[in-house]
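Student: Starting off with a structure, shown below.
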Amino acid sequence: MFANFWKKKWIILFNVILLSAVTVFPVFAEEAAITAESNAVAINTVWTLLAAFLVFFMQAGFAMVETGFTRAKNACNIMMKNLMDFSVGSLAYWLIGFGIMFGTSAMGLFGTDGFFLSAADPSTADGLWQFACWMFQAVFAATAATIVSGAMAERTKFGSYLFYGVCITAFIYPVVGHWIWGGGWLAEKGMIDFAGSTVVHSVGGWAALAGALLLGPRLGKYNKDGSSNAIPGHNIPLAALGVFILWFGWFGFNAGSTTSGTNLSIATIAVTTNLAAAAGSIVAMFVTWKKYGKPDLSMALNGALAGLVSITAPCASVSPLSAIIIGAIGGFLVVFSVGFFDKVLKIDDPVGAISVHGVCGAWGTLSAGLFAEAAYGQSSGMGAVNGLFFGGGIGQFMTQLIGVGAVFAWAFIAAFIVFSIAKATIGLRVSDEEQLKGLDIGEHGMEAYSGFQIFTTES
Amino acid sequence: MFANFWKKKWIILFNVILLSAVTVFPVFAEEAAITAESNAVAINTVWTLLAAFLVFFMQAGFAMVETGFTRAKNACNIMMKNLMDFSVGSLAYWLIGFGIMFGTSAMGLFGTDGFFLSAADPSTADGLWQFACWMFQAVFAATAATIVSGAMAERTKFGSYLFYGVCITAFIYPVVGHWIWGGGWLAEKGMIDFAGSTVVHSVGGWAALAGALLLGPRLGKYNKDGSSNAIPGHNIPLAALGVFILWFGWFGFNAGSTTSGTNLSIATIAVTTNLAAAAGSIVAMFVTWKKYGKPDLSMALNGALAGLVSITAPCASVSPLSAIIIGAIGGFLVVFSVGFFDKVLKIDDPVGAISVHGVCGAWGTLSAGLFAEAAYGQSSGMGAVNGLFFGGGIGQFMTQLIGVGAVFAWAFIAAFIVFSIAKATIGLRVSDEEQLKGLDIGEHGMEAYSGFQIFTTES
Amino acid sequence: MFANFWKKKWIILFNVILLSAVTVFPVFAEEAAITAESNAVAINTVWTLLAAFLVFFMQAGFAMVETGFTRAKNACNIMMKNLMDFSVGSLAYWLIGFGIMFGTSAMGLFGTDGFFLSAADPSTADGLWQFACWMFQAVFAATAATIVSGAMAERTKFGSYLFYGVCITAFIYPVVGHWIWGGGWLAEKGMIDFAGSTVVHSVGGWAALAGALLLGPRLGKYNKDGSSNAIPGHNIPLAALGVFILWFGWFGFNAGSTTSGTNLSIATIAVTTNLAAAAGSIVAMFVTWKKYGKPDLSMALNGALAGLVSITAPCASVSPLSAIIIGAIGGFLVVFSVGFFDKVLKIDDPVGAISVHGVCGAWGTLSAGLFAEAAYGQSSGMGAVNGLFFGGGIGQFMTQLIGVGAVFAWAFIAAFIVFSIAKATIGLRVSDEEQLKGLDIGEHGMEAYSGFQIFTTES
């Protein structure tokens with residue numbers, strides 16, 4: 001197993017060459033040979049782990065964004081969900097998910113071994129590298145899981161959310177991960193999804209869509225005539241803090257996805273990531289300014305996230321200018337997509353997770369087929385691919401399209417089944433009475449802001 | 001001095017070999033020789049510093065947890081304590097603590113030189129390495145200091161807290177550090193405390209116990225019949241943010257404790273740290289679910305911290321599965337320990353610091369004597385030790401037990417003396433009137449949430 | 001261009017040597033030569049990028065400090081400003097600023113090429129290094145921009161702030177950057193400003209002074225008799241969190257300014273940075289304790305920032321003891337400077353940005369001329385300079401003084417012109433009615449704390 005360990009063939013070769021040259025180090029320091037190869041492995045391990053820590057911290061960002069954009073009476077429940085999807089996700093991904101994602105492939109569909117890190121021998125350099133990779137992959141799995149929380153906020157039974165958290169990190173996410181990053185059928189086709197616009201964000205977004213559909217809207221969200229009410233969030237500074245944390249962690253998410261600090265394209269990836277986020281937030285702000293007469297902070301924040309999600313797939317394959325365009329389109333899309341789901345489809349998504357992660361994830365993945373440039377992809381190891389706009393023909397775009405479609409089908413259907421099981425057994429939705437009082441009291445018997453005078457909306 | 005500089009002999013050898021091979025670099029870049037050895041030193045320095053920055057950031061985590069779990073009227077006081085224990089701690093550890101911890105040993109009890117970094121010559125590679133080590137050690141000292149703040153929250157005079165902050169970072173903590181990490185008598189016995197379950201957390205926890213005992217409970221905490229009242233925290237989202245920050249920083253705390261990025265076991269340490277935290281939070285959540293009928297967020301958050309504290313000693317010596325068990329037991333312990341201190345011993349500890357850091361710190365240290373496996377310890381440099389459950393006999397466990405007991409005696413007694421001096425001079429406890437109005441007004445003449453309507457509990 | 005790429009000549013040599021030795025890596029991994037030189041480049045790239053991420057995160061710190069110290073009714077506006085100065089700043093610095101700062105010099109005054117990263121070829125090691133440098137420089141530009149936000153809080157039209165954000169990152173800041181870091185006339189004179197006490201902080205502080213002057217005070221700030229009212233902040237725990245985040249990020253700001261992880265003086269820089277911050281907060285606390293009878297948290301927090309700003313210029317040239325003195329004087333200065341601007345000059349600066357960044361930035365820059373020691377500067381690459389107190393004569397101090405004065409004149413006048421244009425066109429100040437209701441409603445049509453009972457001060 002792990003012959004197909006990472007995303008692109010050159011990394012396999014790279015690591016096989018490097019790791020075979022390294023004696024386990026520093027068991028006996030006086031004997032350990034310090035070589036250029038052992039140093040390169042150390043640089044890669046340090047980089048991968050630090051990036052993993054940054055991605056872990058994104059959990060705090062998601063928690064703050066979700067709680068800031070919702071009501072005070074559900075804040076404890078939201079914290080609990082965000083703590084627990086990471087915790088149960090870590091164990092589920094250790095026990096099952098990692099093997100399904102990176103184990104020996106069964107027909108390009110899923111992995112079949114390497115469960116609970118059983119193949120990682122801590123007395124070899126190769127085994128230690130597998131530990132580092134697990135750490136990096138585990139925080140990605142938990143990111144996919146936590147995206148759903150926001151779309152289902154303020155009305156979901158906690159037990160059902162726990163059940164879902166296990167299913168997505170153990171099965172739904174790792175299967176997609178295997179297809180694209182674990183040497184599966186989409187990897188074979190040459191699909192570009194460097195850091196997971198599709199693998200992580202769209203999977204989360206489409207699972208969120210399935211959940212929100214089955215769950216129904218919050219009480220008071222829609223009027224008898226079908227019109228939609230805005231339900232304002234209770235702590236916008238926390239939401240903004242969350243976005244800053246996410247942006248910070250995203251540098252680890254994208255640039256860390258080289259899993260190599262000796263791959264100097266980490267620099268271009270950081271630049272494209274930053275510029276796309278900036279462009280997304282600016283465009284979303286101006287669109288709301290034009291549309292509503294005032295620049296809207298919630299949308300500007302979501303625009304930054306839209307830019308980040310969009311650039312996640314192509315970040316290692318495009319130029320700074322293309323990154324700005326990709327992020328700007330993400331920021332444009334998110335405003336209209338949020339309106340479309342809210343007002344047309346009447347799906348209640350309190351934080352806009354379906355639009356930010358699902359729709360922009362799809363857009364970002366497709367954009368790699370349009371904007372990829374060989375000079376960028378080659379130095380990052382993503383291959384000398386040119387997209388449609390750079391003379392590469394329609395081929396890469398079609399591959400991207402197939403990937404987007406297949407992952408939508410899988411993630412949506414699989415999550416639909418999981419939430420249907422939850423609905424039929426534990427129950428998916430809390431009682432109306434509990435929803436009115438708030439889930440903090442109902443699910444956890446506590447409140448978030450003891451001592452503060454808070455007006456609970458009667459809806 | 002510094003012959004016994006770091007935790008394990010191999011690191012000494014390693015550094016002596018490496019550092020002697022490095023010319024001071026890059027004073028004259030055109031002459032500086034770039035070698036595998038100089039790169040290894042750079043990797044280790046970069047890793048150690050970045051880990052130190054992460055550990056520094058834990059100060060924000062502690063501040064958020066403590067303020068979130070207490071009342072709004074004391075939030076400024078809590079911020080001030082957390083800012084100041086780090087600030088005075090930095091100066092005290094620079095002036096005195098570091099020398100006591102790592103200076104030339106007086107009978108294995110304490111160090112006697114190296115005060116105010118006097119031995120660190122910035123024009124040598126060895127001197128620069130000492131600066132890096134000081135930075136890493138200073139943030140650890142401040143962590144030990146800040147633990148006490150939570151247990152003594154909402155009723156302690158600020159001046160006394162300042163006095164205590166100097167004493168623990170200058171004397172109490174460095175003495176234990178010398179015993180275990182500075183080549184002292186417990187190091188000689190081969191005690192395992194890789195990142196400080198005992199050195200940092202138990203020291204903080206037992207000092208907290210002494211302080212809380214001398215201080216007495218908050219007004220309204222206990223009824224005439226001896227029963228205990230819950231005093232809910234005012235900002236649970238901030239407390240949750242604090243736990244996420246602590247978890248994030250803990251990766252630096254544990255994996256950084258190699259002080260070497262070329263030691264590839266940083267990968268296994270990150271994994272064991274993460275899994276133990278996850279297991280701790282899950283178990284604490286299920287225990288409260290079973291016990292009270294609803295899953296409790298405060299305990300789930302404390303469970304994550306309990307898992308982290310527990311794995312801190314054995315993180316470099318155990319397998320992922322053992323880490324899960326160790327963390328799970330930590331999560332179990334913390335629920336009952338908090339109840340025991342609160343309801344049986346009637347010691348008022350607003351955030352559960354004694355249980356999280358003292359009790360779980362002791363458990364984690366002992367667990368290394370049970371779960372250590374040679375394959376893990378050897379690759380991390382902690383030695384090829386097997387614990388009781390892996391065929392290693394009772395010896396290591398007894399060593400751990402001696403260490404836990406000795407440190408309890410020292411830290412509790414020393415802190416008891418310090419707080420007794422404070423009580424007899426400055427006074428330890430604010431007046432009842434000030435406690436009712438809040439320490440923000442009483443100690444600092446300001447309030448935390450100007451403009452918000454807040455109901456101050458009349459207790 | 002870029003012949004004068006980084007601050008000090010040795011870095012040019014260093015990089016030319018290193019980069020020329022590195023084949024682009026890892027385009028074809030099986031062919032890439034892993035050498036000590038390629039590893040050194042990787043270490044430097046990893047270090048520079050991680051430091052850039054930390055500096056990015058300071059944006060969250062500034063946002064939290066500013067919102068915590070002001071009123072709830074303006075919190076969304078403050079988040080929007082902080083999000084947008086970074087976003088528009090990133091694009092403006094990419095398009096224009098970077099070229100002006102580091103392009104081929106026109107008479108030592110400004111750069112003339114290298115706009116929109118046009119000179120950075122991603123298929124060469126040198127080009128990838130330029131991307132890394134851009135990332136590091138962009139977050140610095142945005143830091144200079146965001147400083148102004150606090151001084152102009154609670155009364156500035158959002159459109160004018162956006163306009164200003166573009167001007168400072170495209171022109172005002174890069175010109176100073178060119179003078180001191182881009183090989184311009186102050187670099188030629190040998191001015192010491194390692195990480196930007198002047199380049200970043202004073203530029204921001206003096207621009208803030210110009211803005212606050214033109215804008216006038218908040219309603220209710222000054223009475224008819226000229227006396228000043230304190231307007232308390234609404235969320236002090238967030239402000240404290242912001243300071244912890246800034247301190248955390250500052251390690252990247254200062255130690256990252258080596259842009260080299262193989263430059264081992266990153267260790268001394270981290271130490272001096274930390275000790276100065278600690279000393280600044282302690283001194284500010286004691287000064288207020290003496291002055292007002294109680295230790296003031298707001299000032300202690302500002303004292304930490306004052307220490308950090310002060311040490312930013314000399315951090316790579318001074319000893320730990322000197323750092324403590326420099327930081328302590330910064331903490332002392334900030335208390336009196338805040339009072340002076342507030343009560344004597346009657347300039348309303350809600351968060352003390354002019355004092356913290358402008359005044360302490362000037363002090364820190366001058367302090368390098370007093371406290372520099374050859375042993376520290378030499379190992380960091382800042383040159384073997386001794387300041388006045390270490391036998392070096394008055395020369396370096398005079399150079400520092402010229403730099404401080406020239407930058408004051410440029411930044412103040414340029415910002416004054418920019419804000420005058422904004423005032424004459426868009427308008428600088430919101431209506432009194434809007435100011436009373438709050439800018440969240442007025443500028444953005446939303447509120448920050450929906451559901452909470454908040455008393456809006458009638459001033």
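By convention here, the chains of the structure tokens are called A, B, ... in the order presented, each chain's residues are numbered starting at 1, and ligands are numbered starting at 1 in the order presented.
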Tell me as a PyMOL selection string which residues belonging to chain B come within 8 Å of chain A, counting only C-alpha atoms.

Tutor: chain B and resi 10-11+13-14+17+36-37+39-40+43+47+71-72+232-237+240-241+244-245+248+251+261-265+267-268+270-271+274-275+277-279+281-282+294-297+300-301+375-376+378-381+452-457

Student: Quick one: DSSP strand (DSSP E) residues in range 63-258 of chain B, as a ChimeraX atom specification?

Tutor: /B:105-106,110-111

Student: Find the spatial neighbours of range 339-349 of chain A, counting only C-alpha atoms, within a cut-off of 10 Å - ignore same-chain residues fewer than 3 positions away - and output them as an mmCIF file with N, CA and C atoms, in the first residue's frame.

Tutor:
data_model
loop_
_atom_site.group_PDB
_atom_site.id
_atom_site.type_symbol
_atom_site.label_atom_id
_atom_site.label_comp_id
_atom_site.auth_asym_id
_atom_site.auth_seq_id
_atom_site.Cartn_x
_atom_site.Cartn_y
_atom_site.Cartn_z
ATOM 1 N N VAL A 148 -20.784 21.083 7.103
ATOM 2 C CA VAL A 148 -22.218 20.795 7.173
ATOM 3 C C VAL A 148 -22.890 21.476 8.363
ATOM 4 N N SER A 149 -22.136 21.630 9.418
ATOM 5 C CA SER A 149 -22.705 22.153 10.659
ATOM 6 C C SER A 149 -23.449 23.469 10.452
ATOM 7 N N GLY A 150 -22.844 24.377 9.706
ATOM 8 C CA GLY A 150 -23.444 25.693 9.514
ATOM 9 C C GLY A 150 -24.776 25.657 8.790
ATOM 10 N N ALA A 151 -24.868 24.780 7.777
ATOM 11 C CA ALA A 151 -26.099 24.726 6.988
ATOM 12 C C ALA A 151 -27.250 24.134 7.788
ATOM 13 N N MET A 152 -26.920 23.326 8.786
ATOM 14 C CA MET A 152 -27.956 22.658 9.570
ATOM 15 C C MET A 152 -28.117 23.284 10.956
ATOM 16 N N ALA A 153 -27.586 24.485 11.105
ATOM 17 C CA ALA A 153 -27.549 25.106 12.433
ATOM 18 C C ALA A 153 -28.942 25.437 12.954
ATOM 19 N N ALA A 208 -24.077 19.169 2.990
ATOM 20 C CA ALA A 208 -24.874 20.196 3.658
ATOM 21 C C ALA A 208 -26.204 20.405 2.941
ATOM 22 N N LEU A 209 -26.156 20.369 1.620
ATOM 23 C CA LEU A 209 -27.389 20.519 0.829
ATOM 24 C C LEU A 209 -28.364 19.388 1.152
ATOM 25 N N GLY A 211 -28.472 17.570 3.838
ATOM 26 C CA GLY A 211 -28.949 17.720 5.211
ATOM 27 C C GLY A 211 -29.986 18.818 5.360
ATOM 28 N N ALA A 212 -29.711 19.970 4.748
ATOM 29 C CA ALA A 212 -30.633 21.105 4.881
ATOM 30 C C ALA A 212 -31.982 20.790 4.230
ATOM 31 N N LEU A 213 -31.931 20.064 3.120
ATOM 32 C CA LEU A 213 -33.168 19.665 2.437
ATOM 33 C C LEU A 213 -34.028 18.771 3.330
ATOM 34 N N LEU A 214 -33.398 17.755 3.891
ATOM 35 C CA LEU A 214 -34.145 16.804 4.716
ATOM 36 C C LEU A 214 -34.635 17.439 6.014
ATOM 37 N N LEU A 215 -33.914 18.427 6.470
ATOM 38 C CA LEU A 215 -34.176 19.008 7.785
ATOM 39 C C LEU A 215 -35.295 20.039 7.734
ATOM 40 N N GLY A 216 -35.378 20.751 6.634
ATOM 41 C CA GLY A 216 -36.353 21.840 6.548
ATOM 42 C C GLY A 216 -35.832 23.096 7.207
ATOM 43 N N PRO A 217 -36.516 24.222 6.916
ATOM 44 C CA PRO A 217 -36.031 25.510 7.408
ATOM 45 C C PRO A 217 -36.311 25.718 8.897
ATOM 46 N N ARG A 218 -35.610 26.699 9.465
ATOM 47 C CA ARG A 218 -35.884 27.111 10.841
ATOM 48 C C ARG A 218 -37.290 27.711 10.950
ATOM 49 N N LYS A 221 -38.393 31.254 9.341
ATOM 50 C CA LYS A 221 -37.517 31.635 8.242
ATOM 51 C C LYS A 221 -38.339 32.039 7.019
ATOM 52 N N TYR A 222 -39.408 31.272 6.756
ATOM 53 C CA TYR A 222 -40.229 31.576 5.574
ATOM 54 C C TYR A 222 -41.650 31.940 5.989
ATOM 55 N N GLY A 226 -44.344 32.529 1.166
ATOM 56 C CA GLY A 226 -43.116 32.005 0.584
ATOM 57 C C GLY A 226 -41.941 32.958 0.652
ATOM 58 N N SER A 227 -42.153 34.178 1.111
ATOM 59 C CA SER A 227 -41.035 35.113 1.201
ATOM 60 C C SER A 227 -40.141 34.740 2.387
ATOM 61 N N SER A 228 -38.916 35.190 2.299
ATOM 62 C CA SER A 228 -37.894 34.771 3.254
ATOM 63 C C SER A 228 -37.563 35.895 4.238
ATOM 64 N N ASN A 229 -37.407 35.544 5.498
ATOM 65 C CA ASN A 229 -36.979 36.531 6.491
ATOM 66 C C ASN A 229 -35.492 36.382 6.786
ATOM 67 N N ALA A 230 -34.830 37.503 6.948
ATOM 68 C CA ALA A 230 -33.446 37.446 7.406
ATOM 69 C C ALA A 230 -33.446 37.191 8.912
ATOM 70 N N LEU A 333 -20.256 34.973 -7.508
ATOM 71 C CA LEU A 333 -21.149 33.809 -7.445
ATOM 72 C C LEU A 333 -21.825 33.662 -6.091
ATOM 73 N N VAL A 334 -21.044 33.880 -5.033
ATOM 74 C CA VAL A 334 -21.573 33.542 -3.710
ATOM 75 C C VAL A 334 -22.767 34.426 -3.367
ATOM 76 N N VAL A 335 -22.722 35.675 -3.787
ATOM 77 C CA VAL A 335 -23.845 36.569 -3.474
ATOM 78 C C VAL A 335 -25.128 36.064 -4.129
ATOM 79 N N PHE A 336 -25.024 35.694 -5.417
ATOM 80 C CA PHE A 336 -26.230 35.271 -6.124
ATOM 81 C C PHE A 336 -26.643 33.856 -5.723
ATOM 82 N N GLY A 352 -24.782 30.122 4.755
ATOM 83 C CA GLY A 352 -24.399 30.110 3.344
ATOM 84 C C GLY A 352 -23.384 29.045 2.988
ATOM 85 N N ALA A 353 -23.339 27.958 3.731
ATOM 86 C CA ALA A 353 -22.305 26.940 3.529
ATOM 87 C C ALA A 353 -22.427 26.240 2.188
ATOM 88 N N ILE A 354 -23.668 26.029 1.739
ATOM 89 C CA ILE A 354 -23.847 25.331 0.457
ATOM 90 C C ILE A 354 -23.242 26.165 -0.680
ATOM 91 N N SER A 355 -23.504 27.456 -0.636
ATOM 92 C CA SER A 355 -22.973 28.335 -1.685
ATOM 93 C C SER A 355 -21.459 28.484 -1.590
#
